[in-house]
Each structure stands twice: as structure tokens, then as C-alpha cells.
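Data block below; observations after.
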Amino acid sequence: MPFDARRRALQAVLAITALALAVRLVGLGVRIFHWDEGRVAYWILRYHESGQFAYRPIVHGPFLFIVNDWVFSIPVLGASDFSARLIVAVVGGLLPLSAWLLRDHLRDAELVALAVVLAINPLLVYYSRFMRNDVLVGAFAFVALAMFVRALDRGDARLVYPAAAAMGLAFTTKENAVVYVLCYLGAGALLIDHRLFRAARSDRSVRQLVLRDWRTALAYHLQAWGGSVRRGIGLTAVHTVGALVAFFAVVTFFYAPRPELWTALAAPSRLPGVVEAATVGSWESFYSLWVAGSHQNHDYLPFLYDYLETLLYGAPFVLLFALVGFVADGYGDDGYRDIVAFATYWGAVSIVGYPIATDIRAPWAAVHAVIPLAVPAAVGIAAAARRVRETVRARAGDDPDTNGLLTPAAWTRPAALAALVLCAAAVGTVGANAAYANSASDAEAGEVIQWAQPENDLKDTLELVRGVVRANEGTDVLFVGTHTPGNPSDVRFYVANESTLQQPRPGGPSWHTRLPLPWYLERYDAEVTSTAPDASLPADPPPVVVAAGWDEDRVARELSGYERHRHDFRLWSDEIVVFVDESALERAREQGYV
């Protein structure tokens with residue numbers, strides 16, 4: 001392939017990656033935290049303050065805990081909505097660059113198209129601006145696979161080590177990295193069946209010939225590598241062991257409890273116990289909750305329906321062009337390319353499997369199908385572009401009045417098709433970012449946005465709360481305990497002992513109904529208390545009182561001189577009211593805190 005063409009492809013991939021980073025970083029802290037972001041971020045903040053960490057599978061892997069602890073220590077950043085999401089945005093923004101690792105398998109146009117899909121798909125954009133592990137595990141697993149493919153392409157065993165480290169990082173982000181391995185195995189099995197048996201199914205002699213050719217090719221590569229087949233096998237074993245060491249080194253470092261890890265480094269005799277806790281202990285915790293537990297005890301079809309609905313809403317062109325690319329690639333001179341077929345099978349296995357593996361109906365799970373399907377989608381986009389180009393050239397060549405030149409008329413229909421595709425992709429990306437700052441106001445975006453998202457106006461009210469807390473002495477915030485209407489057993493906001501919030505697990509399930517507010521209140525260093533359900537408010541309530549929407553009138557009757565701020569607390573039919581003492585707010589303004 002011409003050097004200039006390849007260089008232009010690299011330049012395009014780099015430019016697209018820069019655009020992807022910009023799209024993800026600009027306004028990253030604008031949206032108020034989602035319930036799940038607030039839950040995990042609160043415990044990251046606690047670890048940042050105390051230095052104590054132990055793996056808890058309910059909040060997934062330790063990657064964000066360890067890395068965000070470092071990020072929060074950067075003076076110009078500190079702990080904020082922006083800094084908490086920063087590492088996810090950076091990894092998601094750099095993901096298009098991984099397309100370059102597949103340059104021995106994809107044409108230049110396909111490399112650029114792959115980078116574009118990974119850069120602007122609305123689901124990938126939205127959840128790269130979200131403090132969750134899904135984009136992280138998908139990106140690390142994709143890079144690990146691409147790096148491994150690159151190692152095989154170049155016969156360079158050194159690349160196996162960063163591939164193993166990247167896969168180790170995937171395992172430190174979220175437990176469904178195990179599902180990625182299963183998807184790889186499933187896709188690999190389908191690929192082997194495709195390559196070895198489909199063409200030779202009716203002819204045993206042909207199948208034996210194919211198998212013999214594969215054995216011959218394997219022996220050739222081993223001999224070329226090591227000088228002999230035996231030495232090649234030995235080197236392969238050595239590098240496999242080395243790759244496993246790299247993988248477990250990454251896993252052990254992240255999963256090791258703190259401060260026990262630092263103690264063990266100073267006293268090496270304690271290191272085996274820390275390694276065991278990081279590996280065996282973490283596996284047992286993961287298995288007891290996510291495998292042997294009841295989180296996957298749900299009906300399959302409703303979860304599959306929601307999964308497909310999210311894909312159709314958030315990645316319709318990925319699905320369409322993935323199908324086009326898979327079919328078009330099969331008509332090539334050599335049939336399906338391995339990487340295209342593998343990625344297609346991987347994506348298909350993900351669509352079938354994730355409704356089983358996930359524990360809630362959440363749009364972010366669709367990310368795990370979009371990433372592999374981006375490969376055949378890129379092939380489909382490039383094939384469509386070639387078809388457009390050929391059509392334009394054919395029209396120009398068939399018109400005797402043009403002398404082979406491309407006239408405006410020749411461009412009309414192909415240009416309209418290209419414009420439609422690009423506009424649809426751009427609208428999807430713009431829509432994802434528009435919904436980013438207006439999540440709870442767009443019920444139609446529920447296929448992409450998970451329901452536990454407060455409206456963004458609440459963030460303005462929290463800025464008032466922050467100022468009041470800084471100007472106040474004593475208890476700052478009171479949560480009014482309550483029961484969900486029609487469900488007396490469901491207690492909200494009330495925690496009998498606020499000191500239980502210092503360590504997991506906090507205050508029972510009712511504490512979780514406050515999320516994401518604890519993330520903000522902890523950063524404000526607010527002193528928080530609560531009342532039991534149906535109890536009267538104290539005679540001298542704190543300057544900030546938080547109540548459920550259905551308790552607004554009752555609480556208002558017990559307060560005097562408080563202004564009300566009513567907000568959607570979830571995507572549908574769940575509201576809170578924040579009462580702020582007017583005199584306290586005025587003092588905060590006088591002191592310059594508001």
C-alpha cells in the first residue's frame with residue numbers, strides 16, 4: 001500500500017481521535033451526577049479521605065477507585081464532577097486511535113471509518129461522559145484484542161505483554177470482563193467453524209486437507225520464530241507465561257486492599273497474604289455475588305427487548321452498516337476476513353448474551369455490542385463509499401457531454417445518500433450531548449439514558465446549598481424520612497445512625513434513596529441528619545431541608561422563612577423538594593459564598 005495513502009489514513013485517525021477527545025471533555029462537568037455515579041463516587045471520596053479500600057463487587061472493579069484517588073489529588077482538579085469523569089472521557093476519547101492497530105486487516109478507508117464510528121456513536125459519546133466502567137472495560141478489552149492481533153500479524157511477541165496488561169485493566173474495571181472472554185471464545189469457535197468446516201462440510205477429504213494446511217502453517221510460523229518447531233514452542237510457552245505474569249501483576253495491584261498493600265511492600269513477608277486477597281479473595285467475592293447470587297434471576301425476553309431497543313435508538317447506523325459490512329466482506333476475493341467475521345460474531349454473541357449477564361435494564365450495557373460491531377460497520381461504510389464513488393464515476397463516464405468529468409448531476413443521488421448518513425450520525429452525537437445536560441427533561445431519551453438521572457436544574461440548587469453550608473455552623477442538612485406512597489415498607493431518606501456512612505455498607509437501603517446528593521454533601525463537608533418517617537421536624541431545623549415531592553405541603557407547614565426548590569429526582573415521576581432558609585442564604589451571599 002502506498003506510503004502517502006497510509007500516512008494520510010494515520011493523520012485522519014489522529015484528527016478524529018482529537019475530535020473525539022474534545023467532544024467528550026468539553027462541558028464534562030455540566031451534568032449533575034446520576035444515581036449510580038453518586039453511589040460509586042461517594043465511596044471513592046471516602047477512600048480518598050481515609051486511604052482504606054477493599055474490593056466490593058456491588059460497586060464493581062477497583063480501577064476508578066485507585067485512579068480517581070490519584071486524580072482527586074491533583075491540586076487544580078480536586079474532587080468534582082469533571083475530575084470524577086475525566087479518566088472515562090480520556091479513555092473513550094482515545095478509543096478511536098485503537099483502529100490503527102488493525103491496519104494489516106483493514107483498508108485505509110475502513111480504518112478511518114472505524115475511528116469515526118468509535119468517535120461519534122451516541123452511546124459511546126454519552127457513556128464516555130459518565131462515571132461508569134462500561135466504556136472502560138470495552139475499550140481495554142478491544143485494545144487488548146487489537147494488540148494481540150497486531151502481535152500475531154508482526155510476529156512480535158513483545159506486543160503480547162501490553163495486550164495482557166490491557167486485558168488486566170479490563171478485569172480491574174468491571175466483572176463483565178469475564179463475559180468478554182466468553183464472547184471471544186464464542187466468536188472464535190464460530191470463526192473456526194466458518195473457516196474449517198463450512199466450505200468443506202460435505203467433503204471429508206477437503207476438510208482433512210484444510211486441517212493439514214493449518215498444521216503446516218502453524219509449524220512454519222513456529223520454525224520461523226524459533227529456528228525450529230521445538231524452540232518455537234518453547235518461546236511461545238515462555239511468552240505465554242510472561243503475559244500471564246503481566247496480567248496478574250495488573251490485577252493484583254488494583255485489587256489489593258489498602259493500606260495492606262503498602263504495608264506488605266514494606267514487610268515482604270505479608271505480601272503473599274495480600275496477593276491472595278487480591279486474587280483468590282476477590283474471585284470468591286465476585287463469584288458469590290455475580291455468579292452464585294440472584295442478580296441474574298430475571299426473565300430474558302424483556303431484557304433482550306430493552307437491549308435491542310437501546311441499540312435501535314442509540315446505534316441504528318452501526319447495526320445497519322455492520323450487516324452491510326458483513327455481507328459485503330463475504331463477497332471479497334478471499335471471502336470473509338477473519339477480523340471482520342470475528343468482530344461480527346463477537347457483537348452477535350454480545351447481543352444474545354448481555355441480557356442474561358446484566359442485572360438491571362440499563363442502556364449502558366449496549367456499549368458492549370457497539371464496540372465490536374464498529375468493525376463490520378466500518379467495512380460497511382467504506383463499501384458504501386466505494387459504491388458511491390463507482391456510481392459517480394460510471395455516470396460521468398457514460399455521459400458523452402462530460403468527457404468523463406464529474407458533473408453536479410452525477411453527484412446528486414450519491415451525495416444525498418452520503419449527506420443523509422453523515423447528518424444522521426451528527427444529529428445522534430449532538431442529541432446525546434444535548435440530552436447530557438437536560439437528561440430528566442427528555443422522556444423520549446429513556447432508551448439511552450438510565451432512569452435514575454436527576455434533572456440538571458438541581459445542580460443550581462446544590463450550589464446554593466454549598467454556600468449555605470460554608471456559612472453555617474452546626475447541622476447543615478436535614479433529610480425528611482418518608483415512606484413511598486402505597487408501600488409502607490419502603491423507607492426513604494432516613495438513616496438512624498449517620499456515623500454508619502463512614503464505612504460500607506451505609507445506613508441500610510434508605511441511604512441509597514438520597515443519591516446522588518451524598519456525593520455533593522460530602523464534598524461540601526456538610527453535617528447531615530434525618531428524621532424518622534412521619535416524625536415532626538425539630539423545633540429549630542437546619543438551614544437546608546430535603547423532602548420527597550409528596551411530602552412538600554406537610555413539610556412546608558412546619559417551616560417558616562424557607563424558599564422551595566422542586567426538582568425531578570429521577571427520569572419519571574420522582575421529585576424532591578429542597579427547602580433553603582432565606583436568612584441563611586442571605587448570610588451566605590453577604591460572605592461571598594453564593
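Chain labels run A, B, ... following the order of the C-alpha cells; each chain numbers its residues from 1, and ligands are numbered from 1 in the order shown.
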Set the distance at 10 Å and use only C-alpha atoms: which residues neighbour region 32-38 of chain A once local chain neighbours fewer than 2 positions away are removed? I'd like the list as a PyMOL selection string.
chain A and resi 29-30+40-44+59+81+84-85+130-132+436-439+449-460+462+512-520+569-570
Mind dumping the selected residues with N, CA and C atoms as a compact mmCIF listing (two decimals), in the first residue's frame?
# COMPACT_ATOMS: atom_id res chain seq x y z
N GLY A 29 -18.31 18.42 33.13
CA GLY A 29 -18.88 18.52 34.47
C GLY A 29 -20.23 19.20 34.53
N VAL A 30 -20.84 19.45 33.36
CA VAL A 30 -22.10 20.20 33.33
C VAL A 30 -23.25 19.40 33.92
N VAL A 40 -20.99 5.34 43.54
CA VAL A 40 -19.60 4.92 43.47
C VAL A 40 -18.66 6.07 43.85
N ALA A 41 -18.98 7.27 43.38
CA ALA A 41 -18.11 8.42 43.66
C ALA A 41 -18.04 8.71 45.15
N TYR A 42 -19.15 8.50 45.87
CA TYR A 42 -19.14 8.73 47.32
C TYR A 42 -18.09 7.84 47.98
N TRP A 43 -18.04 6.57 47.57
CA TRP A 43 -17.09 5.65 48.20
C TRP A 43 -15.67 5.88 47.72
N ILE A 44 -15.52 6.38 46.49
CA ILE A 44 -14.19 6.79 46.06
C ILE A 44 -13.70 7.94 46.91
N VAL A 59 -20.02 -2.55 43.78
CA VAL A 59 -19.63 -1.29 43.12
C VAL A 59 -18.59 -1.55 42.03
N ASP A 81 -17.32 16.89 39.66
CA ASP A 81 -18.00 16.10 38.64
C ASP A 81 -17.08 15.92 37.43
N ALA A 84 -14.06 13.47 38.35
CA ALA A 84 -14.52 12.09 38.56
C ALA A 84 -14.77 11.38 37.23
N ARG A 85 -15.20 12.12 36.21
CA ARG A 85 -15.49 11.52 34.90
C ARG A 85 -14.29 11.57 33.96
N PHE A 130 -19.60 9.71 31.46
CA PHE A 130 -20.39 9.15 32.55
C PHE A 130 -19.44 8.32 33.40
N MET A 131 -19.45 8.52 34.71
CA MET A 131 -18.50 7.81 35.56
C MET A 131 -19.00 6.40 35.85
N ARG A 132 -18.87 5.57 34.81
CA ARG A 132 -19.14 4.15 34.92
C ARG A 132 -18.03 3.39 34.23
N TYR A 436 -27.35 15.24 27.46
CA TYR A 436 -26.39 15.13 28.56
C TYR A 436 -26.68 16.17 29.65
N ALA A 437 -27.01 17.39 29.22
CA ALA A 437 -27.26 18.46 30.18
C ALA A 437 -28.75 18.68 30.44
N ASN A 438 -29.59 17.83 29.88
CA ASN A 438 -31.04 18.03 30.03
C ASN A 438 -31.72 16.67 30.16
N SER A 439 -31.06 15.76 30.88
CA SER A 439 -31.44 14.35 30.85
C SER A 439 -32.86 14.08 31.31
N ILE A 449 -30.75 6.96 28.11
CA ILE A 449 -30.46 7.48 29.45
C ILE A 449 -31.13 6.60 30.49
N GLN A 450 -30.36 6.13 31.46
CA GLN A 450 -30.92 5.29 32.51
C GLN A 450 -31.81 6.13 33.43
N TRP A 451 -32.87 5.56 33.95
CA TRP A 451 -33.95 6.32 34.58
C TRP A 451 -33.54 7.09 35.82
N ALA A 452 -32.49 6.66 36.53
CA ALA A 452 -32.13 7.28 37.82
C ALA A 452 -31.27 8.52 37.62
N GLN A 453 -31.72 9.41 36.76
CA GLN A 453 -30.97 10.62 36.44
C GLN A 453 -31.77 11.85 36.87
N PRO A 454 -31.26 12.65 37.83
CA PRO A 454 -31.97 13.88 38.21
C PRO A 454 -31.91 14.92 37.09
N GLU A 455 -32.81 15.88 37.17
CA GLU A 455 -32.75 16.98 36.21
C GLU A 455 -31.60 17.91 36.58
N ASN A 456 -31.09 18.59 35.57
CA ASN A 456 -29.86 19.34 35.77
C ASN A 456 -30.05 20.62 36.59
N ASP A 457 -31.29 21.14 36.65
CA ASP A 457 -31.53 22.34 37.46
C ASP A 457 -31.22 22.11 38.95
N LEU A 458 -31.25 20.85 39.38
CA LEU A 458 -30.91 20.55 40.77
C LEU A 458 -29.49 20.98 41.10
N LYS A 459 -28.64 20.98 40.10
CA LYS A 459 -27.25 21.38 40.34
C LYS A 459 -27.16 22.83 40.76
N ASP A 460 -27.99 23.68 40.20
CA ASP A 460 -28.01 25.10 40.60
C ASP A 460 -28.43 25.24 42.06
N LEU A 462 -28.03 23.00 44.35
CA LEU A 462 -26.94 22.49 45.18
C LEU A 462 -25.83 23.52 45.35
N HIS A 512 -29.46 4.89 50.10
CA HIS A 512 -29.31 4.94 48.65
C HIS A 512 -30.38 5.79 47.99
N THR A 513 -31.50 6.00 48.66
CA THR A 513 -32.55 6.84 48.08
C THR A 513 -32.15 8.31 48.07
N ARG A 514 -31.11 8.67 48.79
CA ARG A 514 -30.63 10.06 48.78
C ARG A 514 -29.74 10.35 47.56
N LEU A 515 -29.22 9.33 46.94
CA LEU A 515 -28.25 9.51 45.87
C LEU A 515 -28.85 10.29 44.71
N PRO A 516 -28.03 11.15 44.07
CA PRO A 516 -26.58 11.34 44.23
C PRO A 516 -26.19 12.42 45.23
N LEU A 517 -27.11 12.90 46.05
CA LEU A 517 -26.83 14.03 46.94
C LEU A 517 -25.66 13.79 47.90
N PRO A 518 -25.48 12.56 48.46
CA PRO A 518 -24.35 12.37 49.38
C PRO A 518 -22.99 12.70 48.78
N TRP A 519 -22.81 12.47 47.48
CA TRP A 519 -21.55 12.83 46.82
C TRP A 519 -21.28 14.33 46.95
N TYR A 520 -22.30 15.12 46.73
CA TYR A 520 -22.14 16.57 46.82
C TYR A 520 -21.99 17.03 48.27
N PHE A 569 -36.20 14.11 40.44
CA PHE A 569 -35.08 13.39 41.05
C PHE A 569 -34.72 12.14 40.24
N ARG A 570 -35.63 11.70 39.42
CA ARG A 570 -35.41 10.59 38.51
C ARG A 570 -36.06 10.96 37.18
Skip His105 (chain A) itself and residues of its chain fewer than 3 positions away, then list as a VMD selection string all residues within 12 Å of it, counting only C-alpha atoms.
chain A and resid 99 to 102 108 to 111 146 149 to 150 152 to 154 329 336 to 342 375 to 376 379
Selection near region 273-275 of chain A, 12 Å with only C-alpha atoms, sequence-local residues under 3 positions removed, as a list in words:
Ala54, Phe248, Ala249, Val250, Val251, Thr252, Phe253, Phe254, Tyr255, Ala256, Pro257, Arg258, Pro259, Glu260, Leu261, Trp262, Thr263, Ala264, Leu265, Ala267, Pro268, Ser269, Arg270, Ala278, Thr279, Val280, Gly281, Ser282 and Trp283 of chain A
Quick one: pick out all alpha helix (DSSP H) residues within region 291-410 of chain A from a backbone DSSP run and write them as an NGL selection string.
:A and (300-314 or 316-330 or 338-357 or 367-398 or 408-410)
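We find CA of Thr531 (chain A) and CA of Val546 (chain A) to be spaced 10.6 Å apart.
Among the candidate residues A:Val388, A:Ala496, A:Val545, A:Val90, the one lying nearest to Pro533 (chain A) is A:Ala496, with distances computed using only C-alpha atoms.
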Show which residues sit within 8 Å of Asp476 (chain A), as a ChimeraX atom specification. Count only C-alpha atoms, and ignore same-chain residues fewer than 3 positions away.
/A:468-469,472-473,526-528,542-544
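The shortest atom-to-atom distance to Ser350 (chain A), with only C-alpha atoms taken into account, belongs to A:His368 out of A:Arg523, A:Arg129, A:His368, A:Arg389.
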